[in-house]
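J.: Just so it is clear, I am handing over structure-v4.cif, which has mmCIF, C-alpha atoms.
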```
data_data
#
loop_
_atom_site.group_PDB
_atom_site.id
_atom_site.type_symbol
_atom_site.label_atom_id
_atom_site.label_comp_id
_atom_site.auth_asym_id
_atom_site.auth_seq_id
_atom_site.Cartn_x
_atom_site.Cartn_y
_atom_site.Cartn_z
ATOM 1 C CA MET A 1 0.000 0.000 0.000
ATOM 2 C CA ARG A 2 1.018 3.622 -0.349
ATOM 3 C CA LYS A 3 3.578 4.426 2.337
ATOM 4 C CA HIS A 4 2.765 8.129 2.445
ATOM 5 C CA PHE A 5 -0.937 7.348 2.817
ATOM 6 C CA LEU A 6 -0.309 5.013 5.723
ATOM 7 C CA PHE A 7 1.681 7.616 7.587
ATOM 8 C CA LEU A 8 -0.996 10.256 7.141
ATOM 9 C CA SER A 9 -3.757 7.863 8.168
ATOM 10 C CA VAL A 10 -1.892 6.750 11.273
ATOM 11 C CA VAL A 11 -1.247 10.343 12.273
ATOM 12 C CA LEU A 12 -4.931 11.131 11.728
ATOM 13 C CA CYS A 13 -5.892 8.238 13.991
ATOM 14 C CA ALA A 14 -3.316 9.308 16.521
ATOM 15 C CA LEU A 15 -4.559 12.879 16.670
ATOM 16 C CA ALA A 16 -8.164 11.744 16.992
ATOM 17 C CA LEU A 17 -7.222 9.587 19.965
ATOM 18 C CA GLY A 18 -4.839 12.015 21.657
ATOM 19 C CA PHE A 19 -1.810 9.955 20.710
ATOM 20 C CA THR A 20 1.451 11.059 19.097
ATOM 21 C CA ALA A 21 2.937 8.682 16.538
ATOM 22 C CA CYS A 22 6.624 7.854 16.694
ATOM 23 C CA SER A 23 8.978 8.245 13.773
ATOM 24 C CA ASP A 24 9.189 5.488 11.181
ATOM 25 C CA ASP A 25 12.769 4.465 11.924
ATOM 26 C CA ASP A 26 11.772 1.187 13.601
ATOM 27 C CA ASN A 27 10.111 -0.431 10.587
ATOM 28 C CA ASP A 28 11.247 -4.079 10.970
ATOM 29 C CA ASN A 29 9.714 -7.495 10.586
ATOM 30 C CA VAL A 30 8.744 -9.095 13.886
ATOM 31 C CA LYS A 31 8.388 -12.823 14.448
ATOM 32 C CA GLN A 32 5.020 -14.034 15.727
ATOM 33 C CA ASP A 33 6.441 -15.167 19.062
ATOM 34 C CA LYS A 34 8.029 -11.756 19.637
ATOM 35 C CA VAL A 35 4.713 -9.920 19.361
ATOM 36 C CA PRO A 36 3.437 -9.117 22.876
ATOM 37 C CA ALA A 37 0.784 -11.535 24.105
ATOM 38 C CA GLN A 38 -1.710 -8.729 24.690
ATOM 39 C CA VAL A 39 -1.317 -7.596 21.064
ATOM 40 C CA ARG A 40 -1.839 -11.114 19.731
ATOM 41 C CA GLU A 41 -4.862 -11.557 21.990
ATOM 42 C CA THR A 42 -6.538 -8.354 20.793
ATOM 43 C CA PHE A 43 -5.792 -9.249 17.196
ATOM 44 C CA SER A 44 -7.188 -12.774 17.441
ATOM 45 C CA GLN A 45 -10.378 -11.436 19.024
ATOM 46 C CA MET A 46 -10.873 -8.929 16.209
ATOM 47 C CA TYR A 47 -9.699 -11.089 13.303
ATOM 48 C CA PRO A 48 -9.890 -14.757 14.390
ATOM 49 C CA SER A 49 -9.401 -16.241 10.912
ATOM 50 C CA ALA A 50 -6.480 -14.013 9.797
ATOM 51 C CA ALA A 51 -2.869 -15.216 9.647
ATOM 52 C CA PRO A 52 -0.786 -12.006 9.571
ATOM 53 C CA THR A 53 2.833 -11.093 9.279
ATOM 54 C CA TRP A 54 4.038 -8.483 11.762
ATOM 55 C CA GLU A 55 6.156 -5.340 11.660
ATOM 56 C CA MET A 56 7.074 -2.509 13.992
ATOM 57 C CA GLU A 57 5.911 0.815 12.535
ATOM 58 C CA TYR A 58 5.526 4.245 14.186
ATOM 59 C CA GLY A 59 6.154 2.646 17.572
ATOM 60 C CA MET A 60 3.267 0.219 17.054
ATOM 61 C CA TYR A 61 2.841 -3.396 16.005
ATOM 62 C CA LYS A 62 1.382 -3.655 12.515
ATOM 63 C CA ALA A 63 -0.326 -6.812 11.270
ATOM 64 C CA GLU A 64 -0.558 -7.405 7.507
ATOM 65 C CA TRP A 65 -2.714 -9.996 5.743
ATOM 66 C CA ARG A 66 -4.997 -10.532 2.754
ATOM 67 C CA ASP A 67 -8.746 -11.068 2.657
ATOM 68 C CA GLY A 68 -9.750 -12.087 -0.862
ATOM 69 C CA ASP A 69 -8.504 -9.301 -3.128
ATOM 70 C CA ASP A 70 -8.042 -6.807 -0.260
ATOM 71 C CA ASP A 71 -4.782 -6.003 1.516
ATOM 72 C CA ILE A 72 -5.340 -5.218 5.193
ATOM 73 C CA ASP A 73 -3.107 -3.565 7.797
ATOM 74 C CA ALA A 74 -3.954 -3.135 11.485
ATOM 75 C CA TRP A 75 -1.978 -1.231 14.141
ATOM 76 C CA PHE A 76 -1.759 -1.994 17.855
ATOM 77 C CA MET A 77 0.017 -0.370 20.763
ATOM 78 C CA PRO A 78 2.413 -2.640 22.731
ATOM 79 C CA ASN A 79 -0.226 -2.896 25.492
ATOM 80 C CA GLY A 80 -2.671 -4.410 22.992
ATOM 81 C CA ASP A 81 -4.786 -1.308 22.299
ATOM 82 C CA TRP A 82 -6.044 -1.279 18.726
ATOM 83 C CA LYS A 83 -5.522 2.019 16.878
ATOM 84 C CA CYS A 84 -6.340 1.649 13.173
ATOM 85 C CA THR A 85 -7.238 -0.820 10.448
ATOM 86 C CA ASP A 86 -6.713 -0.005 6.774
ATOM 87 C CA ARG A 87 -8.314 -2.129 4.052
ATOM 88 C CA ASN A 88 -7.084 -1.402 0.520
ATOM 89 C CA MET A 89 -10.139 -2.306 -1.536
ATOM 90 C CA ARG A 90 -11.699 -2.315 -4.981
ATOM 91 C CA ARG A 91 -13.400 0.802 -6.300
ATOM 92 C CA ALA A 92 -16.520 -1.222 -7.107
ATOM 93 C CA GLY A 93 -17.157 -1.693 -3.402
ATOM 94 C CA LEU A 94 -17.880 1.978 -2.668
ATOM 95 C CA PRO A 95 -21.314 2.793 -1.185
ATOM 96 C CA GLU A 96 -23.822 4.609 -3.392
ATOM 97 C CA ALA A 97 -23.702 7.768 -1.244
ATOM 98 C CA VAL A 98 -19.936 7.986 -1.762
ATOM 99 C CA THR A 99 -20.048 7.499 -5.527
ATOM 100 C CA ASN A 100 -22.877 10.024 -5.794
ATOM 101 C CA TYR A 101 -20.784 12.609 -3.953
ATOM 102 C CA ILE A 102 -17.824 12.027 -6.248
ATOM 103 C CA ASN A 103 -19.919 12.178 -9.421
ATOM 104 C CA THR A 104 -21.580 15.414 -8.287
ATOM 105 C CA ASN A 105 -18.521 17.251 -6.963
ATOM 106 C CA TYR A 106 -15.645 15.842 -9.046
ATOM 107 C CA ALA A 107 -16.982 15.444 -12.562
ATOM 108 C CA GLY A 108 -14.188 14.292 -14.870
ATOM 109 C CA TYR A 109 -12.154 12.737 -12.044
ATOM 110 C CA TYR A 110 -11.697 8.997 -11.662
ATOM 111 C CA VAL A 111 -11.094 6.957 -8.527
ATOM 112 C CA ASP A 112 -7.465 5.840 -8.528
ATOM 113 C CA ASP A 113 -7.215 4.216 -5.100
ATOM 114 C CA VAL A 114 -9.522 3.353 -2.189
ATOM 115 C CA ASP A 115 -8.720 2.530 1.430
ATOM 116 C CA TYR A 116 -11.368 1.790 4.036
ATOM 117 C CA MET A 117 -10.150 3.143 7.378
ATOM 118 C CA GLU A 118 -11.438 2.010 10.752
ATOM 119 C CA VAL A 119 -10.516 3.687 14.028
ATOM 120 C CA PRO A 120 -12.125 3.376 17.448
ATOM 121 C CA GLY A 121 -15.489 5.087 17.147
ATOM 122 C CA ASP A 122 -15.389 5.887 13.435
ATOM 123 C CA SER A 123 -14.800 4.569 9.923
ATOM 124 C CA TYR A 124 -14.416 6.232 6.531
ATOM 125 C CA TYR A 125 -13.100 5.808 3.009
ATOM 126 C CA ASP A 126 -9.839 7.428 1.970
ATOM 127 C CA ILE A 127 -10.135 7.923 -1.785
ATOM 128 C CA GLU A 128 -7.533 9.251 -4.232
ATOM 129 C CA LEU A 129 -9.117 11.041 -7.194
ATOM 130 C CA GLU A 130 -7.193 11.876 -10.370
ATOM 131 C CA ARG A 131 -7.834 13.890 -13.527
ATOM 132 C CA ASN A 132 -5.425 14.838 -16.306
ATOM 133 C CA GLY A 133 -4.215 18.418 -15.955
ATOM 134 C CA TYR A 134 -5.604 18.775 -12.438
ATOM 135 C CA PRO A 135 -4.068 18.169 -9.017
ATOM 136 C CA ASP A 136 -4.889 14.900 -7.293
ATOM 137 C CA VAL A 137 -7.573 15.094 -4.614
ATOM 138 C CA GLU A 138 -7.568 13.112 -1.383
ATOM 139 C CA LEU A 139 -11.126 12.592 -0.096
ATOM 140 C CA TRP A 140 -12.027 11.240 3.334
ATOM 141 C CA ILE A 141 -15.720 10.376 3.390
ATOM 142 C CA ARG A 142 -18.000 8.173 5.478
ATOM 143 C CA ALA A 143 -20.288 5.536 3.987
ATOM 144 C CA ASP A 144 -23.295 7.851 4.348
ATOM 145 C CA GLY A 145 -21.611 10.546 2.222
ATOM 146 C CA THR A 146 -20.429 12.738 5.125
ATOM 147 C CA VAL A 147 -17.123 14.370 4.163
ATOM 148 C CA ILE A 148 -14.402 14.448 6.822
ATOM 149 C CA ASN A 149 -11.705 16.123 4.760
ATOM 150 C CA GLU A 150 -10.858 16.806 1.135
ATOM 151 C CA GLY A 151 -8.109 18.631 -0.694
ATOM 152 C CA PHE A 152 -4.767 18.378 -2.452
ATOM 153 C CA GLU A 153 -2.430 15.629 -1.378
ATOM 154 C CA PRO A 154 -0.076 17.518 0.952
ATOM 155 C CA TRP A 155 2.861 15.156 0.562
ATOM 156 C CA LYS A 156 3.232 15.337 -3.205
ATOM 157 C CA GLY A 157 6.523 16.931 -4.222
ATOM 158 C CA ASP A 158 5.382 17.265 -7.801
ATOM 159 C CA ASP A 159 1.731 16.769 -8.698
ATOM 160 C CA GLY A 160 2.308 17.283 -12.426
ATOM 161 C CA ASP A 161 1.901 19.757 -15.260
ATOM 162 C CA VAL A 162 -1.178 21.949 -15.547
ATOM 163 C CA THR A 163 -2.477 23.572 -18.717
ATOM 164 C CA TRP A 164 -3.228 27.298 -18.686
ATOM 165 C CA GLY A 165 -6.915 26.546 -19.130
ATOM 166 C CA ASN A 166 -6.933 24.598 -15.857
ATOM 167 C CA VAL A 167 -5.160 27.241 -13.787
ATOM 168 C CA PRO A 168 -7.704 28.859 -11.400
ATOM 169 C CA GLN A 169 -8.947 32.252 -12.580
ATOM 170 C CA ALA A 170 -7.722 33.910 -9.381
ATOM 171 C CA VAL A 171 -4.200 32.652 -10.096
ATOM 172 C CA LYS A 172 -4.411 33.790 -13.721
ATOM 173 C CA ASN A 173 -5.495 37.263 -12.665
ATOM 174 C CA ALA A 174 -2.692 37.606 -10.135
ATOM 175 C CA PHE A 175 -0.056 36.302 -12.539
ATOM 176 C CA GLN A 176 -1.121 38.512 -15.445
ATOM 177 C CA SER A 177 -1.202 41.551 -13.176
ATOM 178 C CA MET A 178 2.336 40.921 -11.925
ATOM 179 C CA PHE A 179 3.859 39.627 -15.176
ATOM 180 C CA PRO A 180 1.880 41.079 -18.105
ATOM 181 C CA GLY A 181 2.500 39.461 -21.467
ATOM 182 C CA VAL A 182 4.430 36.503 -20.038
ATOM 183 C CA ASN A 183 3.656 32.992 -21.284
ATOM 184 C CA ALA A 184 4.587 30.446 -18.637
ATOM 185 C CA GLU A 185 4.495 26.711 -18.111
ATOM 186 C CA TRP A 186 2.513 25.618 -15.057
ATOM 187 C CA GLU A 187 2.794 22.873 -12.477
ATOM 188 C CA ILE A 188 1.117 21.889 -9.242
ATOM 189 C CA GLU A 189 3.563 21.469 -6.356
ATOM 190 C CA ARG A 190 2.165 20.575 -2.935
ATOM 191 C CA GLY A 191 -1.177 22.055 -3.837
ATOM 192 C CA ARG A 192 0.338 25.340 -5.066
ATOM 193 C CA TYR A 193 0.580 26.643 -8.593
ATOM 194 C CA LYS A 194 4.072 27.278 -9.972
ATOM 195 C CA ALA A 195 4.768 29.231 -13.157
ATOM 196 C CA GLU A 196 8.084 28.824 -15.015
ATOM 197 C CA TRP A 197 9.324 31.008 -17.876
ATOM 198 C CA GLU A 198 12.447 32.484 -19.425
ATOM 199 C CA VAL A 199 13.350 36.026 -20.448
ATOM 200 C CA LYS A 200 16.600 36.705 -22.324
ATOM 201 C CA GLY A 201 18.205 33.544 -20.994
ATOM 202 C CA ILE A 202 17.149 34.154 -17.370
ATOM 203 C CA ASP A 203 14.902 31.528 -15.753
ATOM 204 C CA TYR A 204 12.017 32.671 -13.562
ATOM 205 C CA GLU A 205 9.628 30.861 -11.224
ATOM 206 C CA ALA A 206 6.591 32.181 -9.336
ATOM 207 C CA TRP A 207 4.334 30.423 -6.806
ATOM 208 C CA PHE A 208 0.689 31.131 -6.003
ATOM 209 C CA GLU A 209 -1.964 29.701 -3.733
ATOM 210 C CA ALA A 210 -5.113 28.454 -5.480
ATOM 211 C CA ASP A 211 -6.925 31.620 -4.342
ATOM 212 C CA GLY A 212 -4.418 33.785 -6.234
ATOM 213 C CA THR A 213 -2.241 34.755 -3.273
ATOM 214 C CA TRP A 214 1.303 35.348 -4.494
ATOM 215 C CA LEU A 215 3.879 33.481 -2.408
ATOM 216 C CA ARG A 216 7.259 34.171 -3.993
ATOM 217 C CA THR A 217 9.190 34.739 -7.199
ATOM 218 C CA LYS A 218 12.658 33.410 -7.970
ATOM 219 C CA GLN A 219 15.007 34.289 -10.814
ATOM 220 C CA ASP A 220 18.458 33.071 -11.721
ATOM 221 C CA VAL A 221 21.207 35.642 -11.249
ATOM 222 C CA PRO A 222 24.644 35.440 -12.884
ATOM 223 C CA VAL A 223 27.336 35.512 -10.210
ATOM 224 C CA SER A 224 28.954 38.412 -12.048
ATOM 225 C CA ALA A 225 25.753 40.444 -11.549
ATOM 226 C CA LEU A 226 25.653 40.088 -7.762
ATOM 227 C CA PRO A 227 25.982 43.317 -5.735
ATOM 228 C CA ALA A 228 29.474 44.068 -4.440
ATOM 229 C CA ALA A 229 28.242 43.908 -0.841
ATOM 230 C CA VAL A 230 27.163 40.305 -1.389
ATOM 231 C CA THR A 231 30.378 39.067 -2.974
ATOM 232 C CA ASN A 232 32.460 40.993 -0.414
ATOM 233 C CA TYR A 233 30.599 39.295 2.430
ATOM 234 C CA VAL A 234 31.220 35.847 0.972
ATOM 235 C CA GLN A 235 34.917 36.515 0.415
ATOM 236 C CA ALA A 236 35.362 37.866 3.938
ATOM 237 C CA ASN A 237 33.392 35.211 5.788
ATOM 238 C CA TYR A 238 33.826 32.071 3.665
ATOM 239 C CA PRO A 239 37.459 31.972 2.511
ATOM 240 C CA GLY A 240 38.091 29.211 -0.014
ATOM 241 C CA TYR A 241 34.425 29.000 -1.019
ATOM 242 C CA TYR A 242 33.044 30.118 -4.351
ATOM 243 C CA ILE A 243 29.495 31.015 -5.368
ATOM 244 C CA ASP A 244 28.224 28.100 -7.432
ATOM 245 C CA ASP A 245 24.649 29.302 -7.911
ATOM 246 C CA ALA A 246 22.652 32.447 -7.157
ATOM 247 C CA ASP A 247 18.944 33.274 -7.221
ATOM 248 C CA LEU A 248 17.065 36.437 -6.420
ATOM 249 C CA VAL A 249 14.019 35.630 -4.304
ATOM 250 C CA GLU A 250 11.112 37.967 -3.606
ATOM 251 C CA THR A 251 8.266 37.311 -1.167
ATOM 252 C CA PRO A 252 5.557 39.614 0.184
ATOM 253 C CA THR A 253 7.876 40.504 3.077
ATOM 254 C CA ASP A 254 11.459 39.927 1.883
ATOM 255 C CA LYS A 255 13.831 40.308 -1.029
ATOM 256 C CA TYR A 256 17.136 38.501 -0.868
ATOM 257 C CA TYR A 257 19.726 36.473 -2.737
ATOM 258 C CA LEU A 258 19.895 32.733 -2.177
ATOM 259 C CA LEU A 259 23.464 31.563 -2.704
ATOM 260 C CA GLU A 260 24.955 28.098 -2.956
ATOM 261 C CA LEU A 261 28.570 28.153 -1.794
ATOM 262 C CA ASP A 262 30.960 25.330 -2.738
ATOM 263 C CA LYS A 263 34.420 24.388 -1.526
ATOM 264 C CA ASN A 264 36.403 21.281 -2.363
ATOM 265 C CA GLY A 265 36.266 18.803 0.503
ATOM 266 C CA ALA A 266 33.625 20.774 2.422
ATOM 267 C CA ALA A 267 29.859 20.640 2.650
ATOM 268 C CA ASP A 268 27.860 23.072 0.527
ATOM 269 C CA ILE A 269 26.563 26.165 2.287
ATOM 270 C CA TYR A 270 23.288 27.920 1.495
ATOM 271 C CA LEU A 271 23.178 31.603 2.330
ATOM 272 C CA LYS A 272 20.293 34.087 2.304
ATOM 273 C CA ILE A 273 21.609 37.614 2.040
ATOM 274 C CA THR A 274 20.221 41.018 1.067
ATOM 275 C CA ALA A 275 21.697 43.308 -1.576
ATOM 276 C CA GLU A 276 23.241 45.342 1.257
ATOM 277 C CA GLY A 277 25.143 42.309 2.542
ATOM 278 C CA ASN A 278 22.888 41.540 5.522
ATOM 279 C CA VAL A 279 22.438 37.818 6.198
ATOM 280 C CA ILE A 280 18.910 36.504 6.831
ATOM 281 C CA ALA A 281 18.722 33.665 9.323
#
```
I need this file expressed as structure tokens, please.

T.:
Amino acid sequence: MRKHFLFLSVVLCALALGFTACSDDDNDNVKQDKVPAQVRETFSQMYPSAAPTWEMEYGMYKAEWRDGDDDIDAWFMPNGDWKCTDRNMRRAGLPEAVTNYINTNYAGYYVDDVDYMEVPGDSYYDIELERNGYPDVELWIRADGTVINEGFEPWKGDDGDVTWGNVPQAVKNAFQSMFPGVNAEWEIERGRYKAEWEVKGIDYEAWFEADGTWLRTKQDVPVSALPAAVTNYVQANYPGYYIDDADLVETPTDKYYLLELDKNGAADIYLKITAEGNVIA
């Protein structure tokens, strides 16, 4: 199953139950006889016919097994408390209220993946919706059609290219106001819209929220074009280093140069510094 989905689902369960998940650095197979007796007892009561394999994940014991075509994971605390069960299931098994909601609110999208989540006191479907040229949508919805949460997948580093026609009008308006006459290529990154274009050999990038809020602009800067105060600061404070890459970054509150400093045999250094030579922490 999708690793990123499992982490988010476990954290959701943890928050709902007042529990903080541990980091995923203890993900190891565990032999049956090493699983605490109280965990095995709770599991056998809940799933008497299942024959799982076990792992440690997020500080919990995770059981994995198959039921027909479904992959199932269940998490338990070392004291035997059950926290979550995740059934990766077929799209055809969705309740009518869920499919009606999707058809009404996400016309043109298709269901790419479905997980049925159970936690103490609640259950819901976690559904990944996809559509060409649009960002993926993650929908958490109960069997009766009640929506728990919906939105862009927050973990995606690169959600894909977006055509100009599918960029929200608010983003278009903001972009055209700031950069009139510019034709850009668009992407979705972590639920935000990024424009990329080039002017006279200089690369530019600009980020916007879906509501048109401008977040930042970045442009490549030749090292030879850096202000003297910037190069003087580097020479005085980082002897032996050279400026390998430079960008000018503008945000609603700041304007600074982002420098990558290199030196043979030493780790790269990234430096944020204003045109006047003042370093930003």

J.: Rounded to one decimal in Å, what is the spacing between atom CA of A:Glu130 and atom CA of A:Tyr110?

T.: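 So the answer is 5.5 Å.
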
J.: Leaving out A:Tyr47 and any residue of its chain fewer than 2 positions from it, which residues lie within 12 Å of it when counting only C-alpha atoms, given as a short mmCIF file (atom, residue, chain, number, x, y, z; two decimals) with C-alpha atoms, keeping the file's coordinate frame?

T.:
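Saved as around.cif:
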```
data_model
loop_
_atom_site.label_atom_id
_atom_site.label_comp_id
_atom_site.auth_asym_id
_atom_site.auth_seq_id
_atom_site.Cartn_x
_atom_site.Cartn_y
_atom_site.Cartn_z
CA VAL A 39 -1.32 -7.60 21.06
CA ARG A 40 -1.84 -11.11 19.73
CA GLU A 41 -4.86 -11.56 21.99
CA THR A 42 -6.54 -8.35 20.79
CA PHE A 43 -5.79 -9.25 17.20
CA SER A 44 -7.19 -12.77 17.44
CA GLN A 45 -10.38 -11.44 19.02
CA SER A 49 -9.40 -16.24 10.91
CA ALA A 50 -6.48 -14.01 9.80
CA ALA A 51 -2.87 -15.22 9.65
CA PRO A 52 -0.79 -12.01 9.57
CA ALA A 63 -0.33 -6.81 11.27
CA GLU A 64 -0.56 -7.40 7.51
CA TRP A 65 -2.71 -10.00 5.74
CA ARG A 66 -5.00 -10.53 2.75
CA ASP A 67 -8.75 -11.07 2.66
CA ILE A 72 -5.34 -5.22 5.19
CA ASP A 73 -3.11 -3.56 7.80
CA ALA A 74 -3.95 -3.14 11.48
CA TRP A 82 -6.04 -1.28 18.73
CA THR A 85 -7.24 -0.82 10.45
#
```

J.: Please measure the separation of atom CA of A:Tyr134 and atom CA of A:Val162, giving the value in Å to one decimal.

T.: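 That distance, rounded to one decimal, is 6.3 Å.
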
J.: Once the PyMOL selection byres ((chain A and resi 122) around 12) has been applied to the shown file, what residues remain in the selection, as a PyMOL selection string?

T.: chain A and resi 12-13+16-17+83-85+116-121+123-125+140-143+146+148

J.: In Å to one decimal, how far is atom CA of A:Ile269 from atom CA of A:Leu248?

T.: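 A separation of 16.5 Å between them.
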
J.: Find the residue from A:Val171, A:Ile280, A:Met46, A:Val221 that sits nearest to A:Arg192; use all atoms listed in the file when measuring.

T.: A:Val171
